[in-house]
Amino acid sequence: MDIEFVRSRFIKHFDGKTGNIYASPGRINLIGEHTDYNGGFVFPGAVDKGIMAEMRPNGTESTIRAYSIDLKDRVDFDFHDGQGPRASWARYIYGITLEMEKLGVPVKGFNIAFAGDVPLGAGMSSSAAMESCFACGLNDLFGDNKVSKWDMVLAGQATEHNYCGVNCGIMDQFASVFGQAGKLMRLDCRSREFEYFPFDPKGYKLVLLNSCVKHELAGSPYNDRRNSCENVVKHIAAKHPEGTFETLRDCTWEQLEEVRAEVGEEDYKRAHFVLGEKDRVLAVCDALVAGDYETVGKKMYETHEGLSKEYEVSCEELDFLNDIAKECGVTGSRIMGGGFGGCTINLVKDEMYEPFIKTACQKYYEKYGKAPKVYDVVISDGSRKIC
Ligand code: ADP
Ligand code: MG
């Protein structure tokens, strides 16, 4: 993203003055899928694609003048009028402003222009990038940077819940705020403790392939999966009154086997995936510390297999992309995100990158009449003031 470009728009659309520039990234998740609501781990990192905003107090009490550079849309609103703007992109500004105010930041009116290069809805969380970028700016301009990083994460999440109608977890905002170049983060979704792990795959590239499908499924597959997991926990807890079992995080492989017959094959399979995923995240941590990217890749394939066969949240297109990766000798490949569409994330040796992308695009096009979108990502820094 280009500072001069954002600045030129800010100057043009407001009163000619410059402000401060802030940036915040989107994110990937290397491994740890459907683990958040099971009390497990996720393993995200910030990427080199994000949102950049120029912001400046405008001397008013509570008027926000906002310009979306990408959408070429200008919205002015009063953030104390009890309604806020209608435009969905401006709801993020409205929401984060009120949430930062709740945290004690004495926000006044400001001008803002912003642009981004996180592909929308591709699973890299452009919305969290926006929230954390604006939170970082408001904290700096009005709050003496007194709001902690965690509070900014929670303010971003609250923005989605309270103003945008999205009932999300905390991984996306966490990754955007806490990200560091060359590091992934293992976040414990239960305790919110986290640890940085080196991710510096020399000789490899990380690339996302967007299947460009999102299957609308009848029924509620997410709730079904959650219910299966909860059911298994309930049965294990009943057998072990001596223990505390809140989520599958608390359950062992042996305990799962004990209840296999009572819970039935479907619930068993779902829980089997979750326990496997917990182990895989930990195995990936060890592999990263050892710089063993071949093992990282192997675990990614195992996750894909589990998501596809046990958790059953893949789809034909994602399995197809995963098969091509395997055929091309790609080190690791899996569905990224909840499933039923979206991207695969691939760890590819430099020398295999071009043939893989070429083959994947060609074969996917032949089969589905469109090429997957290709996003190279580099693990980069989190929210920050640029100047
Ligand atoms: P994602 O998975 O990328 O977070 P969401 O649906 O949660 O997808 O958020 C996408 C929304 O965020 C868009 O509909 C838009 O309102 C807003 N948004 C994201 N990036 C931009 C941008 N560069 N300019 C304006 N609005 C954006
Ligand atoms: Mg989002």
# chains A, B, ... in the order shown; residues from 1 in each chain; ligands from 1
>>> select_by_dssp(residues="region 264-377 of chain A", states="alpha helix (DSSP H)", output="PyMOL selection string")
chain A and resi 265-289+293-305+316-327+350-368
>>> closest_atom_pairs(of="chain A", to="ligand 1", cutoff="9 Å", atoms="only C-alpha atoms and all ligand atoms", output="CSV")
residue,atom,partner,partner_atom_place_in_ligand_line,distance
A:Gly26,CA,ligand 1,3 (O),8.0
A:Gly50,CA,ligand 1,23 (N),8.2
A:Ile51,CA,ligand 1,23 (N),6.4
A:Met52,CA,ligand 1,23 (N),8.6
A:Tyr67,CA,ligand 1,25 (C),8.9
A:Ser68,CA,ligand 1,25 (C),5.4
A:Ile69,CA,ligand 1,24 (N),6.8
A:Asp70,CA,ligand 1,24 (N),5.2
A:Leu71,CA,ligand 1,25 (C),6.0
A:Lys72,CA,ligand 1,25 (C),8.9
A:Asp73,CA,ligand 1,25 (C),8.7
A:Ala87,CA,ligand 1,16 (O),7.7
A:Ser88,CA,ligand 1,16 (O),4.8
A:Trp89,CA,ligand 1,16 (O),3.5
A:Ala90,CA,ligand 1,16 (O),7.3
A:Arg91,CA,ligand 1,16 (O),7.8
A:Tyr92,CA,ligand 1,17 (C),7.6
A:Phe114,CA,ligand 1,24 (N),6.9
A:Ala115,CA,ligand 1,23 (N),4.8
A:Gly116,CA,ligand 1,23 (N),3.9
A:Asp117,CA,ligand 1,23 (N),6.2
A:Val118,CA,ligand 1,20 (N),6.5
A:Pro119,CA,ligand 1,3 (O),6.3
A:Leu120,CA,ligand 1,3 (O),3.9
A:Gly121,CA,ligand 1,3 (O),3.7
A:Ala122,CA,ligand 1,2 (O),5.7
A:Gly123,CA,ligand 1,2 (O),4.6
A:Met124,CA,ligand 1,3 (O),5.5
A:Ser125,CA,ligand 1,4 (O),3.3
A:Ser126,CA,ligand 1,3 (O),3.7
A:Ser127,CA,ligand 1,4 (O),3.9
A:Ala128,CA,ligand 1,4 (O),6.0
A:Ala129,CA,ligand 1,4 (O),7.8
A:Met130,CA,ligand 1,19 (C),6.6
A:Glu160,CA,ligand 1,7 (O),8.2
A:Cys164,CA,ligand 1,7 (O),8.7
A:Val166,CA,ligand 1,7 (O),7.5
A:Asp172,CA,ligand 1,4 (O),8.3
>>> write_last_selection(atoms="C-alpha atoms", output="PDB file, in the first residue's frame")
ATOM      1  CA  GLY A  26      -5.190  -8.831   7.526  1.00  0.00           C
ATOM      2  CA  GLY A  50      -3.919  -4.439   5.140  1.00  0.00           C
ATOM      3  CA  ILE A  51      -5.710  -1.158   5.618  1.00  0.00           C
ATOM      4  CA  MET A  52      -3.997   2.202   5.690  1.00  0.00           C
ATOM      5  CA  TYR A  67     -13.780   8.827   2.786  1.00  0.00           C
ATOM      6  CA  SER A  68     -13.363   5.300   1.472  1.00  0.00           C
ATOM      7  CA  ILE A  69     -10.732   5.622  -1.222  1.00  0.00           C
ATOM      8  CA  ASP A  70     -11.413   2.193  -2.701  1.00  0.00           C
ATOM      9  CA  LEU A  71     -15.171   2.631  -2.863  1.00  0.00           C
ATOM     10  CA  LYS A  72     -14.896   6.331  -3.762  1.00  0.00           C
ATOM     11  CA  ASP A  73     -17.574   7.002  -1.184  1.00  0.00           C
ATOM     12  CA  ALA A  87     -23.020   2.622   4.696  1.00  0.00           C
ATOM     13  CA  SER A  88     -21.678  -0.708   5.873  1.00  0.00           C
ATOM     14  CA  TRP A  89     -18.009   0.295   5.508  1.00  0.00           C
ATOM     15  CA  ALA A  90     -18.610   3.368   7.690  1.00  0.00           C
ATOM     16  CA  ARG A  91     -20.224   1.241  10.413  1.00  0.00           C
ATOM     17  CA  TYR A  92     -16.722   0.008  11.255  1.00  0.00           C
ATOM     18  CA  PHE A 114      -8.497   4.969   4.057  1.00  0.00           C
ATOM     19  CA  ALA A 115      -7.657   2.306   1.497  1.00  0.00           C
ATOM     20  CA  GLY A 116      -6.769  -1.349   1.607  1.00  0.00           C
ATOM     21  CA  ASP A 117      -5.483  -4.346  -0.278  1.00  0.00           C
ATOM     22  CA  VAL A 118      -6.921  -7.201   1.770  1.00  0.00           C
ATOM     23  CA  PRO A 119      -9.195  -9.079  -0.599  1.00  0.00           C
ATOM     24  CA  LEU A 120     -12.724  -8.830   0.791  1.00  0.00           C
ATOM     25  CA  GLY A 121     -14.314 -11.970   2.140  1.00  0.00           C
ATOM     26  CA  ALA A 122     -11.309 -14.157   1.180  1.00  0.00           C
ATOM     27  CA  GLY A 123     -10.730 -15.211   4.768  1.00  0.00           C
ATOM     28  CA  MET A 124      -7.969 -12.716   5.496  1.00  0.00           C
ATOM     29  CA  SER A 125     -10.253 -10.535   7.566  1.00  0.00           C
ATOM     30  CA  SER A 126     -10.327  -7.148   5.944  1.00  0.00           C
ATOM     31  CA  SER A 127     -12.841  -6.102   8.589  1.00  0.00           C
ATOM     32  CA  ALA A 128     -10.478  -6.779  11.496  1.00  0.00           C
ATOM     33  CA  ALA A 129      -7.765  -4.890   9.619  1.00  0.00           C
ATOM     34  CA  MET A 130     -10.092  -1.879   9.460  1.00  0.00           C
ATOM     35  CA  GLU A 160     -18.404  -6.545  14.759  1.00  0.00           C
ATOM     36  CA  CYS A 164     -21.964  -4.921  12.065  1.00  0.00           C
ATOM     37  CA  VAL A 166     -21.100 -10.412  12.896  1.00  0.00           C
ATOM     38  CA  ASP A 172      -8.749 -11.897  13.586  1.00  0.00           C
TER      39      ASP A 172
END
>>> atom_distance(atom1="CA of Glu99 (chain A)", atom2="CA of Ala135 (chain A)")
8.9 Å
>>> residues_around(residues="Lys202 (chain A)", least_positions_apart="3", cutoff="9 Å", atoms="only C-alpha atoms", output="list in words")
Lys205, Lys349 and Asp350 of chain A
>>> closest_residue(among="A:Cys343, A:Ile324, A:Cys212, A:Gly219", to="Lys358 (chain A)", atoms="only C-alpha atoms")
A:Ile324
>>> closest_residue(among="A:Arg7, A:Arg334, A:Arg270, A:Lys108", to="Tyr222 (chain A)", atoms="only C-alpha atoms")
A:Arg270
>>> closest_residue(among="A:Tyr22, A:Phe197, A:Tyr204, A:Trp150", to="Val377 (chain A)", atoms="only C-alpha atoms")
A:Tyr204
>>> residues_around(residues="Glu277 (chain A)", least_positions_apart="3", cutoff="9 Å", atoms="only C-alpha atoms", output="list in words")
Ile31, Gly32, Glu33, His34, Thr35, Gly40, Phe41, His272, Phe273, Val274, Arg280, Val281, Leu282, Glu302, Thr303 and Gly306 of chain A
>>> write_last_selection(atoms="C-alpha atoms", output="PDB file, in the first residue's frame")
ATOM      1  CA  ILE A  31      -3.295 -24.326  11.479  1.00  0.00           C
ATOM      2  CA  GLY A  32      -5.924 -24.715  14.208  1.00  0.00           C
ATOM      3  CA  GLU A  33      -9.352 -24.720  12.562  1.00  0.00           C
ATOM      4  CA  HIS A  34     -12.689 -25.056  14.380  1.00  0.00           C
ATOM      5  CA  THR A  35     -10.679 -25.108  17.587  1.00  0.00           C
ATOM      6  CA  GLY A  40      -8.230 -24.981  21.756  1.00  0.00           C
ATOM      7  CA  PHE A  41      -5.472 -23.158  19.918  1.00  0.00           C
ATOM      8  CA  HIS A 272     -11.735 -37.000  16.660  1.00  0.00           C
ATOM      9  CA  PHE A 273     -10.887 -34.136  14.322  1.00  0.00           C
ATOM     10  CA  VAL A 274     -10.846 -31.586  17.149  1.00  0.00           C
ATOM     11  CA  ARG A 280      -1.319 -30.909  15.283  1.00  0.00           C
ATOM     12  CA  VAL A 281      -1.028 -27.314  16.483  1.00  0.00           C
ATOM     13  CA  LEU A 282       1.394 -28.399  19.174  1.00  0.00           C
ATOM     14  CA  GLU A 302      -3.490 -33.839   7.828  1.00  0.00           C
ATOM     15  CA  THR A 303      -5.679 -30.915   8.839  1.00  0.00           C
ATOM     16  CA  GLY A 306      -9.544 -34.116   8.858  1.00  0.00           C
TER      17      GLY A 306
END
>>> residues_around(residues="region 176-184 of chain A", least_positions_apart="4", cutoff="7 Å", atoms="only C-alpha atoms", output="PyMOL selection string")
chain A and resi 24-27+43-46+128-129+132+149+153+172+196-200+379-383
>>> decode(residues="region 267-303 of chain A", atoms="N, CA and C atoms", output="PDB file, in the first residue's frame")
ATOM      1  N   ASP A 267     -20.705 -37.974  15.669  1.00  0.00           N
ATOM      2  CA  ASP A 267     -20.153 -37.120  16.729  1.00  0.00           C
ATOM      3  C   ASP A 267     -18.723 -37.538  17.062  1.00  0.00           C
ATOM      4  N   TYR A 268     -18.487 -38.845  17.017  1.00  0.00           N
ATOM      5  CA  TYR A 268     -17.137 -39.355  17.289  1.00  0.00           C
ATOM      6  C   TYR A 268     -16.131 -38.772  16.288  1.00  0.00           C
ATOM      7  N   LYS A 269     -16.516 -38.800  15.032  1.00  0.00           N
ATOM      8  CA  LYS A 269     -15.618 -38.282  13.979  1.00  0.00           C
ATOM      9  C   LYS A 269     -15.307 -36.803  14.185  1.00  0.00           C
ATOM     10  N   ARG A 270     -16.350 -36.054  14.515  1.00  0.00           N
ATOM     11  CA  ARG A 270     -16.159 -34.602  14.724  1.00  0.00           C
ATOM     12  C   ARG A 270     -15.162 -34.366  15.861  1.00  0.00           C
ATOM     13  N   ALA A 271     -15.370 -35.061  16.965  1.00  0.00           N
ATOM     14  CA  ALA A 271     -14.503 -34.873  18.128  1.00  0.00           C
ATOM     15  C   ALA A 271     -13.094 -35.380  17.827  1.00  0.00           C
ATOM     16  N   HIS A 272     -13.040 -36.443  17.038  1.00  0.00           N
ATOM     17  CA  HIS A 272     -11.735 -37.000  16.660  1.00  0.00           C
ATOM     18  C   HIS A 272     -10.928 -35.943  15.904  1.00  0.00           C
ATOM     19  N   PHE A 273     -11.584 -35.221  15.029  1.00  0.00           N
ATOM     20  CA  PHE A 273     -10.887 -34.136  14.322  1.00  0.00           C
ATOM     21  C   PHE A 273     -10.370 -33.090  15.307  1.00  0.00           C
ATOM     22  N   VAL A 274     -11.219 -32.682  16.233  1.00  0.00           N
ATOM     23  CA  VAL A 274     -10.846 -31.586  17.149  1.00  0.00           C
ATOM     24  C   VAL A 274      -9.648 -31.987  18.016  1.00  0.00           C
ATOM     25  N   LEU A 275      -9.672 -33.215  18.534  1.00  0.00           N
ATOM     26  CA  LEU A 275      -8.530 -33.663  19.341  1.00  0.00           C
ATOM     27  C   LEU A 275      -7.265 -33.750  18.474  1.00  0.00           C
ATOM     28  N   GLY A 276      -7.441 -34.209  17.256  1.00  0.00           N
ATOM     29  CA  GLY A 276      -6.292 -34.295  16.341  1.00  0.00           C
ATOM     30  C   GLY A 276      -5.727 -32.916  16.045  1.00  0.00           C
ATOM     31  N   GLU A 277      -6.614 -31.974  15.872  1.00  0.00           N
ATOM     32  CA  GLU A 277      -6.182 -30.610  15.522  1.00  0.00           C
ATOM     33  C   GLU A 277      -5.409 -29.981  16.687  1.00  0.00           C
ATOM     34  N   LYS A 278      -5.846 -30.274  17.896  1.00  0.00           N
ATOM     35  CA  LYS A 278      -5.132 -29.773  19.073  1.00  0.00           C
ATOM     36  C   LYS A 278      -3.694 -30.309  19.058  1.00  0.00           C
ATOM     37  N   ASP A 279      -3.544 -31.581  18.802  1.00  0.00           N
ATOM     38  CA  ASP A 279      -2.207 -32.184  18.741  1.00  0.00           C
ATOM     39  C   ASP A 279      -1.386 -31.616  17.579  1.00  0.00           C
ATOM     40  N   ARG A 280      -2.046 -31.406  16.452  1.00  0.00           N
ATOM     41  CA  ARG A 280      -1.319 -30.909  15.283  1.00  0.00           C
ATOM     42  C   ARG A 280      -0.758 -29.506  15.531  1.00  0.00           C
ATOM     43  N   VAL A 281      -1.532 -28.661  16.190  1.00  0.00           N
ATOM     44  CA  VAL A 281      -1.028 -27.314  16.483  1.00  0.00           C
ATOM     45  C   VAL A 281       0.252 -27.411  17.318  1.00  0.00           C
ATOM     46  N   LEU A 282       0.216 -28.278  18.309  1.00  0.00           N
ATOM     47  CA  LEU A 282       1.394 -28.399  19.174  1.00  0.00           C
ATOM     48  C   LEU A 282       2.578 -28.982  18.397  1.00  0.00           C
ATOM     49  N   ALA A 283       2.288 -29.912  17.506  1.00  0.00           N
ATOM     50  CA  ALA A 283       3.362 -30.495  16.686  1.00  0.00           C
ATOM     51  C   ALA A 283       3.973 -29.437  15.766  1.00  0.00           C
ATOM     52  N   VAL A 284       3.119 -28.549  15.251  1.00  0.00           N
ATOM     53  CA  VAL A 284       3.619 -27.488  14.372  1.00  0.00           C
ATOM     54  C   VAL A 284       4.517 -26.522  15.153  1.00  0.00           C
ATOM     55  N   CYS A 285       4.162 -26.252  16.400  1.00  0.00           N
ATOM     56  CA  CYS A 285       5.010 -25.377  17.232  1.00  0.00           C
ATOM     57  C   CYS A 285       6.422 -25.956  17.339  1.00  0.00           C
ATOM     58  N   ASP A 286       6.497 -27.243  17.669  1.00  0.00           N
ATOM     59  CA  ASP A 286       7.808 -27.895  17.788  1.00  0.00           C
ATOM     60  C   ASP A 286       8.552 -27.826  16.454  1.00  0.00           C
ATOM     61  N   ALA A 287       7.827 -28.088  15.376  1.00  0.00           N
ATOM     62  CA  ALA A 287       8.466 -28.102  14.055  1.00  0.00           C
ATOM     63  C   ALA A 287       9.000 -26.713  13.698  1.00  0.00           C
ATOM     64  N   LEU A 288       8.242 -25.673  14.058  1.00  0.00           N
ATOM     65  CA  LEU A 288       8.694 -24.314  13.727  1.00  0.00           C
ATOM     66  C   LEU A 288       9.956 -23.960  14.507  1.00  0.00           C
ATOM     67  N   VAL A 289       9.976 -24.355  15.767  1.00  0.00           N
ATOM     68  CA  VAL A 289      11.156 -24.069  16.585  1.00  0.00           C
ATOM     69  C   VAL A 289      12.375 -24.777  15.979  1.00  0.00           C
ATOM     70  N   ALA A 290      12.133 -25.968  15.439  1.00  0.00           N
ATOM     71  CA  ALA A 290      13.232 -26.727  14.828  1.00  0.00           C
ATOM     72  C   ALA A 290      13.499 -26.302  13.384  1.00  0.00           C
ATOM     73  N   GLY A 291      12.679 -25.393  12.856  1.00  0.00           N
ATOM     74  CA  GLY A 291      12.836 -24.967  11.463  1.00  0.00           C
ATOM     75  C   GLY A 291      12.509 -26.074  10.474  1.00  0.00           C
ATOM     76  N   ASP A 292      11.636 -26.995  10.912  1.00  0.00           N
ATOM     77  CA  ASP A 292      11.315 -28.165  10.095  1.00  0.00           C
ATOM     78  C   ASP A 292      10.009 -27.923   9.328  1.00  0.00           C
ATOM     79  N   TYR A 293      10.116 -27.283   8.178  1.00  0.00           N
ATOM     80  CA  TYR A 293       8.914 -26.903   7.433  1.00  0.00           C
ATOM     81  C   TYR A 293       8.265 -28.080   6.709  1.00  0.00           C
ATOM     82  N   GLU A 294       9.017 -29.161   6.531  1.00  0.00           N
ATOM     83  CA  GLU A 294       8.419 -30.350   5.923  1.00  0.00           C
ATOM     84  C   GLU A 294       7.348 -30.929   6.855  1.00  0.00           C
ATOM     85  N   THR A 295       7.652 -30.960   8.155  1.00  0.00           N
ATOM     86  CA  THR A 295       6.652 -31.438   9.122  1.00  0.00           C
ATOM     87  C   THR A 295       5.475 -30.480   9.207  1.00  0.00           C
ATOM     88  N   VAL A 296       5.750 -29.182   9.167  1.00  0.00           N
ATOM     89  CA  VAL A 296       4.656 -28.195   9.166  1.00  0.00           C
ATOM     90  C   VAL A 296       3.703 -28.514   8.015  1.00  0.00           C
ATOM     91  N   GLY A 297       4.287 -28.751   6.838  1.00  0.00           N
ATOM     92  CA  GLY A 297       3.481 -29.039   5.651  1.00  0.00           C
ATOM     93  C   GLY A 297       2.666 -30.315   5.812  1.00  0.00           C
ATOM     94  N   LYS A 298       3.304 -31.338   6.380  1.00  0.00           N
ATOM     95  CA  LYS A 298       2.612 -32.612   6.584  1.00  0.00           C
ATOM     96  C   LYS A 298       1.386 -32.417   7.480  1.00  0.00           C
ATOM     97  N   LYS A 299       1.549 -31.618   8.498  1.00  0.00           N
ATOM     98  CA  LYS A 299       0.432 -31.361   9.418  1.00  0.00           C
ATOM     99  C   LYS A 299      -0.685 -30.590   8.721  1.00  0.00           C
ATOM    100  N   MET A 300      -0.296 -29.692   7.816  1.00  0.00           N
ATOM    101  CA  MET A 300      -1.328 -28.953   7.069  1.00  0.00           C
ATOM    102  C   MET A 300      -2.182 -29.925   6.245  1.00  0.00           C
ATOM    103  N   TYR A 301      -1.517 -30.883   5.574  1.00  0.00           N
ATOM    104  CA  TYR A 301      -2.279 -31.882   4.811  1.00  0.00           C
ATOM    105  C   TYR A 301      -3.181 -32.703   5.721  1.00  0.00           C
ATOM    106  N   GLU A 302      -2.663 -33.053   6.895  1.00  0.00           N
ATOM    107  CA  GLU A 302      -3.490 -33.839   7.828  1.00  0.00           C
ATOM    108  C   GLU A 302      -4.721 -33.050   8.255  1.00  0.00           C
ATOM    109  N   THR A 303      -4.528 -31.751   8.478  1.00  0.00           N
ATOM    110  CA  THR A 303      -5.679 -30.915   8.839  1.00  0.00           C
ATOM    111  C   THR A 303      -6.702 -30.901   7.710  1.00  0.00           C
TER     112      THR A 303
END
